[in-house]
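Peer 1: This is the structure, below, for whatever I ask next.
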Amino acid sequence: MTSHPLRSRNWFGRNDLDGLVHRSWLKAEGFSDAVFDGRPVVGIANSWSELTNCNAHLRQVADAVKRGVWSAGGFPLEFPTISLGEVLMKPTTMLFRNLMSMDVEECLRAYPLDAAVLLSGCDKTTPAMLMGAASADVPAVMVTGGPMLSGKWRAEELGSGTDAWRLWAERRAGRLTDEEMCEAESCMSRSSGHCMVMGTASTMASVVEALGMTLPGNAAIPASDSRRLAMAEMAGRRAVEMALAGGPKPSQILTAHAFDNAIRADMAIGGSTNAIIHLVAIAGRAGVALPLARFDELSKTTPFLVNLRPSGKYLMEDFFYAGGLPVVLKELLPLLHGDALTVNGKSLADNVRGARCFNDDVIRPLSMPLAGEGGTVILFGNLCPDGAVLKQSAASAHLLAHRGRAVVFEDHADLHRRIDDESLTIDENSVLVLKHVGPRGAPGMPEWGAAPIPARLLKRGVKDMVRISDARMSGTSYGTVVLHVAPESAVGGPLALVHDGDEIELDVPRRTLTLRVDDAELARRQAAWKPRPPHFIRGYGRLFLEQVLQANEGCDFDYLRGRTPVRLEDTAGPSHS
Ligand code: FES
């Protein structure tokens with residue numbers, strides 16, 4: 001039944017002791033001889049976990065994938081991967097993204113798999129799985145878990161994260177009671193699925209669809225909509241076809257053109273700033289050079305089209321009903337590489353040409369964008385020689401060109417100790433600078449960049465200030481927040497040299513971030529700078545600190561970049577003792 005030699009036959013098709021062992025031990029799960037008849041083995045990499053609420057429904061999704069694999073004549077075998085739950089895992093899931101990618105890569109390589117279906121959902125699980133699959137280069141199709149249904153509180157729609165931050169600011173300003181907060185808390189997350197604003201999970205699902213690694217229309221289907229399971233079933237069927245054909249493999253899909261398409265899609269949807277780091281990391285695995293400057297080039301020529309929080313008004317459920325990502329890609333087609341190959345074997349253009357928009361206030365046509373430029377911009381300057389990122393679509397227009405005096409916090413603990421201190425000299429024109437929250441400094445580059453506005457300013461109606469750090473920001477957050485400053489302060493980047501009262505100039509139209517301190521004074525401060533002791537001296541934490549690259553390089557480990565493709569001739573060694 002196969003048109004392409006199957007790698008799994010090296011395990012199950014052998015007429016020797018190893019073949020006997022491989023078949024016999026798997027029969028312990030109750031499989032009959034029929035599954036060893038030469039059909040392709042499809043691995044279902046499942047990041048299900050009760051500790052990752054966004055992925056807690058993925059067992060049901062895996063069952064739907066299995067249905068598809070069986071019905072297409074394949075043999076599905078589900079296996080668990082590490083799971084990274086954004087809200088519960090401390091200090092940050094970003095510390096473990098590369099670890100999860102290694103888990104996925106090595107399992108794809110070590111087991112008898114001819115193709116894989118990757119089940120992800122929460123923020124880091126999607127890039128981690130794709131990084132692993134790109135390095136192993138096994139034919140793979142991704143199915144994300146889908147967003148939650150819209151939050152509903154009284155007559156209001158609540159978006160995960162975005163409205164939590166807004167309501168918490170109201171609470172701190174004394175305009176919301178504890179009882180109201182508690183009520184809103186229960187109404188915000190009312191179904192399975194990931195955050196349902198255009199946060200990192202929704203962005204990554206969209207970006208992966210634009211890369212061509214999911215079936216068309218995957219990103220926006222709500223987790224609890226039956227069509228999510230139908231999508232999973234179709235992915236299982238498609239994985240069997242890919243195994244039989246020997247591809248397409250990630251290396252055929254993840255090309256420079258595909259990354260351009262993904263970046264344009266990211267800009268048009270007002271995607272999370274985190275997508276930039278993850279795309280650079282995925283590209284690094286695929287052997288595609290993706291400098292930050294490329295993001296800015298494409299941002300300048302990609303209109304912002306999707307009216308979703310935190311940059312706009314609606315939620316992912318509305319995006320799905322409006323037609324989802326295929327509509328956005330269809331609008332963008334004149335700007336895209338439409339001939340890019342996708343996992344269903346068709347081109348991106350073929351997949352989206354028939355897409356229809358059912359609400360053009362949610363997804364604007366190219367002729368009537370929300371803004372002429374993309375959501376995210378890249379800044380350079382003496383404060384960020386290797387770049388920094390700002391989400392202009394979620395920033396305040398009046399702060400996009402701003403000069404102010406720095407109020408410096410040495411780390412996250414210092415920020416929370418002093419931000420509401422009445423003696424702190426700070427006003428709405430100040431520039432809040434947060435150090436030691438980058439890849440090595442925090443460590444793991446947590447989402448601490450959207451630092452809180454002092455309560456006394458909130459009470460006066462101040463809703464936004466310029467904030468600068470080497471941290472990331474939740475994709476659900478908003479504000480004039482400069483992130484990913486590179487090199488980071490913990491390795492002696494210029495951010496480490498900022499003092500209270502220094503003047504800082506942000507100029508988004510000119511894409512610059514400048515510390516107005518003369519070079520001689522900066523050299524004096526640099527000479528006096530000393531690194532802090534490492535956070536970890538053993539284990540994975542030590543590996544992370546020794547190997548992690550800076551934000552502009554995707555925060556991958558240097559030695560993980562590139563591919564070691566799984567080979568057809570890979571065989572199991574001695575399998576039993
Ligand atoms: Fe998982 Fe937001 S917490 S996507």
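Scheme for the structure tokens: letters A, B, ... for chains in order shown; per-chain residue numbers from 1; ligand numbers from 1 in order shown.
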Which residues sit within 7 Å of ligand 1, counting only C-alpha atoms and all ligand atoms, listed as a compact mmCIF listing (two decimals) with C-alpha atoms, in the first residue's frame?

Peer 2:
# COMPACT_ATOMS: atom_id res chain seq x y z
CA THR A 52 -1.64 23.49 31.02
CA ASN A 53 -5.29 24.51 31.09
CA CYS A 54 -5.12 25.66 27.45
CA GLY A 85 1.35 25.97 30.97
CA GLU A 86 1.69 29.71 30.67
CA VAL A 87 -0.02 30.81 33.83
CA GLY A 121 -2.18 25.16 22.19
CA CYS A 122 -0.73 27.33 24.92
CA ASP A 123 1.84 29.97 23.93
CA HIS A 194 -6.24 28.93 24.85
CA CYS A 195 -6.53 32.68 25.46
CA THR A 200 0.62 34.72 21.76
CA ALA A 201 -1.29 31.44 21.43

Peer 1: Which residues of segment 113-232 of chain A come within 7 Å of segment 91-109 of chain A, and what is each one's closest atom pair and distance in Å (one decimal), counting only C-alpha atoms, sorted by chain and residue number, as CSV?

Peer 2:
residue,atom,partner,partner_atom,distance
A:Leu113,CA,A:Leu108,CA,6.6
A:Lys124,CA,A:Arg97,CA,5.9
A:Ala128,CA,A:Ser101,CA,4.4
A:Met129,CA,A:Ser101,CA,5.5
A:Met131,CA,A:Ser101,CA,5.7
A:Gly132,CA,A:Glu105,CA,4.1
A:Ala133,CA,A:Glu105,CA,5.7
A:Ser135,CA,A:Glu105,CA,6.5
A:Ala136,CA,A:Glu105,CA,5.4

Peer 1: Nearest to Ala245 of chain A among A:Gly145, A:Pro139, A:Arg228, A:Ala527, with distances taken over only C-alpha atoms: which residue is it?

Peer 2: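 Between A:Gly145, A:Pro139, A:Arg228, A:Ala527, the residue approaching Ala245 of chain A most closely is A:Pro139.
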
Peer 1: Counting only C-alpha atoms, give me one row per residue of segment 130-202 of chain A with an atom at most 12 Å from an atom of segment 344-347 of chain A, showing the shortest contact pair and its distance in Å to one decimal, sorted by chain then residue number, as a tab-separated table.

Peer 2:
residue	atom	partner	partner_atom	distance
A:Pro139	CA	A:Asn344	CA	11.2
A:Ala140	CA	A:Asn344	CA	10.6
A:Val141	CA	A:Asn344	CA	8.8
A:Met142	CA	A:Asn344	CA	11.3

Peer 1: My list of candidates is A:Ala28, A:Val517, A:Leu329, A:Val389. Which is closest to Gly354 of chain A when distances are computed with only C-alpha atoms?

Peer 2: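 Looking at the shortest contact to Gly354 of chain A, the residue is A:Leu329.
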
Peer 1: Just checking: using only C-alpha atoms, which residue out of A:Leu432, A:Ala243, A:Val328, A:Ile82 ends up closest to Gly38 of chain A?

Peer 2: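 Closest candidate: A:Ala243.
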
Peer 1: Quick one: distance from atom CA of Gly68 of chain A to atom CA of Lys27 of chain A in Å, one decimal?

Peer 2: 21.5 Å

Peer 1: So which one's closest to Met242 of chain A, A:His4, A:Arg67, A:Arg309, A:His22? Using only C-alpha atoms, please.

Peer 2: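 Nearest candidate to Met242 of chain A out of A:His4, A:Arg67, A:Arg309, A:His22: A:His4.
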
Peer 1: Quick one: everything within 8 Å of Val431 of chain A, counting only C-alpha atoms, minus sequence neighbours fewer than 6 positions away in the same chain. Send it as a PDB file with all heavy atoms, in the first residue's frame.

Peer 2:
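Below you can see result_4.pdb, which holds the result:
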ATOM      1  N   GLY A 404      11.628  61.501  27.801  1.00  0.00           N
ATOM      2  CA  GLY A 404      11.329  61.566  29.232  1.00  0.00           C
ATOM      3  C   GLY A 404      12.519  61.139  30.056  1.00  0.00           C
ATOM      4  O   GLY A 404      13.513  60.619  29.534  1.00  0.00           O
ATOM      5  N   ARG A 405      12.422  61.376  31.360  1.00  0.00           N
ATOM      6  CA  ARG A 405      13.502  61.022  32.294  1.00  0.00           C
ATOM      7  C   ARG A 405      13.299  59.597  32.790  1.00  0.00           C
ATOM      8  O   ARG A 405      12.169  59.207  33.131  1.00  0.00           O
ATOM      9  CB  ARG A 405      13.497  61.973  33.487  1.00  0.00           C
ATOM     10  CG  ARG A 405      13.751  63.420  33.121  1.00  0.00           C
ATOM     11  CD  ARG A 405      15.254  63.696  33.014  1.00  0.00           C
ATOM     12  NE  ARG A 405      15.492  64.987  32.380  1.00  0.00           N
ATOM     13  CZ  ARG A 405      16.647  65.333  31.819  1.00  0.00           C
ATOM     14  NH1 ARG A 405      17.659  64.472  31.793  1.00  0.00           N
ATOM     15  NH2 ARG A 405      16.795  66.515  31.268  1.00  0.00           N
ATOM     16  N   ALA A 406      14.386  58.861  32.883  1.00  0.00           N
ATOM     17  CA  ALA A 406      14.305  57.458  33.302  1.00  0.00           C
ATOM     18  C   ALA A 406      14.030  57.334  34.792  1.00  0.00           C
ATOM     19  O   ALA A 406      14.605  58.061  35.609  1.00  0.00           O
ATOM     20  CB  ALA A 406      15.611  56.751  32.964  1.00  0.00           C
ATOM     21  N   VAL A 407      13.134  56.418  35.121  1.00  0.00           N
ATOM     22  CA  VAL A 407      12.969  55.958  36.509  1.00  0.00           C
ATOM     23  C   VAL A 407      13.364  54.476  36.459  1.00  0.00           C
ATOM     24  O   VAL A 407      12.697  53.672  35.810  1.00  0.00           O
ATOM     25  CB  VAL A 407      11.523  56.126  36.993  1.00  0.00           C
ATOM     26  CG1 VAL A 407      11.369  55.563  38.398  1.00  0.00           C
ATOM     27  CG2 VAL A 407      11.123  57.591  36.958  1.00  0.00           C
ATOM     28  N   MET A 465       2.229  54.679  30.028  1.00  0.00           N
ATOM     29  CA  MET A 465       3.522  55.362  30.123  1.00  0.00           C
ATOM     30  C   MET A 465       4.500  54.595  29.242  1.00  0.00           C
ATOM     31  O   MET A 465       4.288  53.414  28.977  1.00  0.00           O
ATOM     32  CB  MET A 465       4.064  55.320  31.568  1.00  0.00           C
ATOM     33  CG  MET A 465       3.250  56.062  32.565  1.00  0.00           C
ATOM     34  SD  MET A 465       3.871  55.739  34.246  1.00  0.00           S
ATOM     35  CE  MET A 465       5.480  56.497  34.189  1.00  0.00           C
ATOM     36  N   VAL A 466       5.586  55.225  28.848  1.00  0.00           N
ATOM     37  CA  VAL A 466       6.623  54.494  28.112  1.00  0.00           C
ATOM     38  C   VAL A 466       7.375  53.614  29.110  1.00  0.00           C
ATOM     39  O   VAL A 466       7.844  54.086  30.149  1.00  0.00           O
ATOM     40  CB  VAL A 466       7.594  55.460  27.415  1.00  0.00           C
ATOM     41  CG1 VAL A 466       8.755  54.689  26.787  1.00  0.00           C
ATOM     42  CG2 VAL A 466       6.858  56.272  26.356  1.00  0.00           C
ATOM     43  N   ARG A 467       7.456  52.341  28.766  1.00  0.00           N
ATOM     44  CA  ARG A 467       8.172  51.376  29.603  1.00  0.00           C
ATOM     45  C   ARG A 467       9.187  50.647  28.728  1.00  0.00           C
ATOM     46  O   ARG A 467       8.863  50.280  27.605  1.00  0.00           O
ATOM     47  CB  ARG A 467       7.176  50.398  30.233  1.00  0.00           C
ATOM     48  CG  ARG A 467       6.341  51.062  31.334  1.00  0.00           C
ATOM     49  CD  ARG A 467       5.037  50.350  31.588  1.00  0.00           C
ATOM     50  NE  ARG A 467       3.972  50.809  30.702  1.00  0.00           N
ATOM     51  CZ  ARG A 467       2.741  50.313  30.686  1.00  0.00           C
ATOM     52  NH1 ARG A 467       2.418  49.333  31.509  1.00  0.00           N
ATOM     53  NH2 ARG A 467       1.829  50.796  29.852  1.00  0.00           N
ATOM     54  N   ILE A 468      10.386  50.438  29.258  1.00  0.00           N
ATOM     55  CA  ILE A 468      11.470  49.827  28.468  1.00  0.00           C
ATOM     56  C   ILE A 468      12.127  48.723  29.290  1.00  0.00           C
ATOM     57  O   ILE A 468      12.452  48.937  30.467  1.00  0.00           O
ATOM     58  CB  ILE A 468      12.539  50.887  28.098  1.00  0.00           C
ATOM     59  CG1 ILE A 468      11.918  52.012  27.274  1.00  0.00           C
ATOM     60  CG2 ILE A 468      13.708  50.245  27.359  1.00  0.00           C
ATOM     61  CD1 ILE A 468      12.860  53.178  27.014  1.00  0.00           C
ATOM     62  N   ILE A 504      15.711  59.721  27.897  1.00  0.00           N
ATOM     63  CA  ILE A 504      15.548  58.679  26.876  1.00  0.00           C
ATOM     64  C   ILE A 504      14.561  59.183  25.843  1.00  0.00           C
ATOM     65  O   ILE A 504      13.538  59.790  26.190  1.00  0.00           O
ATOM     66  CB  ILE A 504      15.040  57.371  27.520  1.00  0.00           C
ATOM     67  CG1 ILE A 504      16.115  56.798  28.446  1.00  0.00           C
ATOM     68  CG2 ILE A 504      14.652  56.350  26.456  1.00  0.00           C
ATOM     69  CD1 ILE A 504      15.707  55.553  29.191  1.00  0.00           C
TER      70      ILE A 504
END

Peer 1: As number ranges by chain, please: the residues near segment 182-189 of chain A (cut-off 12 Å, only C-alpha atoms, same-chain neighbours under 2 positions excluded).

Peer 2: A: 53-54, 147-168, 171, 176-180, 191-197

Peer 1: Atom CA of Leu305 of chain A to atom CA of Ala451 of chain A: how many Å, to one decimal?

Peer 2: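 Going from atom CA of Leu305 of chain A over to atom CA of Ala451 of chain A, I get 27.7 Å.
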
Peer 1: Record the distance separating atom CA of Phe409 of chain A and atom CA of Leu379 of chain A, expressed in Å with one decimal.

Peer 2: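 Spanning atom CA of Phe409 of chain A to atom CA of Leu379 of chain A is a straight-line distance of 21.6 Å.
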
Peer 1: Could you pull out all residues of segment 415-511 of chain A with a DSSP call of alpha helix (DSSP H) and give them as a PDB file with N, CA, C and O atoms, in the first residue's frame?

Peer 2:
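Contents of out17.pdb, freshly written:
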ATOM      1  N   LEU A 415      11.082  46.567  41.281  1.00  0.00           N
ATOM      2  CA  LEU A 415       9.901  47.225  40.699  1.00  0.00           C
ATOM      3  C   LEU A 415       8.702  47.081  41.634  1.00  0.00           C
ATOM      4  O   LEU A 415       8.018  48.070  41.950  1.00  0.00           O
ATOM      5  N   HIS A 416       8.435  45.870  42.059  1.00  0.00           N
ATOM      6  CA  HIS A 416       7.231  45.662  42.867  1.00  0.00           C
ATOM      7  C   HIS A 416       7.374  46.204  44.288  1.00  0.00           C
ATOM      8  O   HIS A 416       6.382  46.560  44.921  1.00  0.00           O
ATOM      9  N   ARG A 417       8.611  46.334  44.743  1.00  0.00           N
ATOM     10  CA  ARG A 417       8.824  46.917  46.065  1.00  0.00           C
ATOM     11  C   ARG A 417       8.562  48.423  46.050  1.00  0.00           C
ATOM     12  O   ARG A 417       8.046  48.990  46.996  1.00  0.00           O
ATOM     13  N   ARG A 418       8.883  49.105  44.952  1.00  0.00           N
ATOM     14  CA  ARG A 418       8.893  50.571  44.991  1.00  0.00           C
ATOM     15  C   ARG A 418       7.859  51.264  44.099  1.00  0.00           C
ATOM     16  O   ARG A 418       7.689  52.472  44.204  1.00  0.00           O
ATOM     17  N   ALA A 455      -0.006  53.369  41.219  1.00  0.00           N
ATOM     18  CA  ALA A 455      -1.435  53.519  41.558  1.00  0.00           C
ATOM     19  C   ALA A 455      -1.853  54.977  41.624  1.00  0.00           C
ATOM     20  O   ALA A 455      -2.962  55.340  41.205  1.00  0.00           O
ATOM     21  N   ARG A 456      -0.954  55.823  42.122  1.00  0.00           N
ATOM     22  CA  ARG A 456      -1.380  57.231  42.263  1.00  0.00           C
ATOM     23  C   ARG A 456      -1.561  57.900  40.898  1.00  0.00           C
ATOM     24  O   ARG A 456      -2.363  58.814  40.744  1.00  0.00           O
ATOM     25  N   LEU A 457      -0.822  57.418  39.881  1.00  0.00           N
ATOM     26  CA  LEU A 457      -1.029  57.952  38.528  1.00  0.00           C
ATOM     27  C   LEU A 457      -2.304  57.370  37.915  1.00  0.00           C
ATOM     28  O   LEU A 457      -3.049  58.067  37.223  1.00  0.00           O
ATOM     29  N   LEU A 458      -2.550  56.078  38.184  1.00  0.00           N
ATOM     30  CA  LEU A 458      -3.795  55.461  37.700  1.00  0.00           C
ATOM     31  C   LEU A 458      -5.006  56.230  38.221  1.00  0.00           C
ATOM     32  O   LEU A 458      -5.960  56.493  37.485  1.00  0.00           O
ATOM     33  N   LYS A 459      -4.950  56.588  39.511  1.00  0.00           N
ATOM     34  CA  LYS A 459      -6.089  57.301  40.116  1.00  0.00           C
ATOM     35  C   LYS A 459      -6.284  58.667  39.467  1.00  0.00           C
ATOM     36  O   LYS A 459      -7.400  59.186  39.445  1.00  0.00           O
TER      37      LYS A 459
END

Peer 1: Between A:Ser469, A:Ser32, A:Thr214, A:Thr203, which is the closest to Ala265 of chain A once you count only C-alpha atoms?

Peer 2: A:Thr203

Peer 1: Identify, on the basis of only C-alpha atoms, every residue whose closest approach to Arg23 of chain A does not exceed 9 Å; exclude the query and any residue fewer than 6 positions from it along the same chain; express the result as a list in words.

Peer 2: Trp11, Phe12, Gly13, Asp33 and Phe36 of chain A
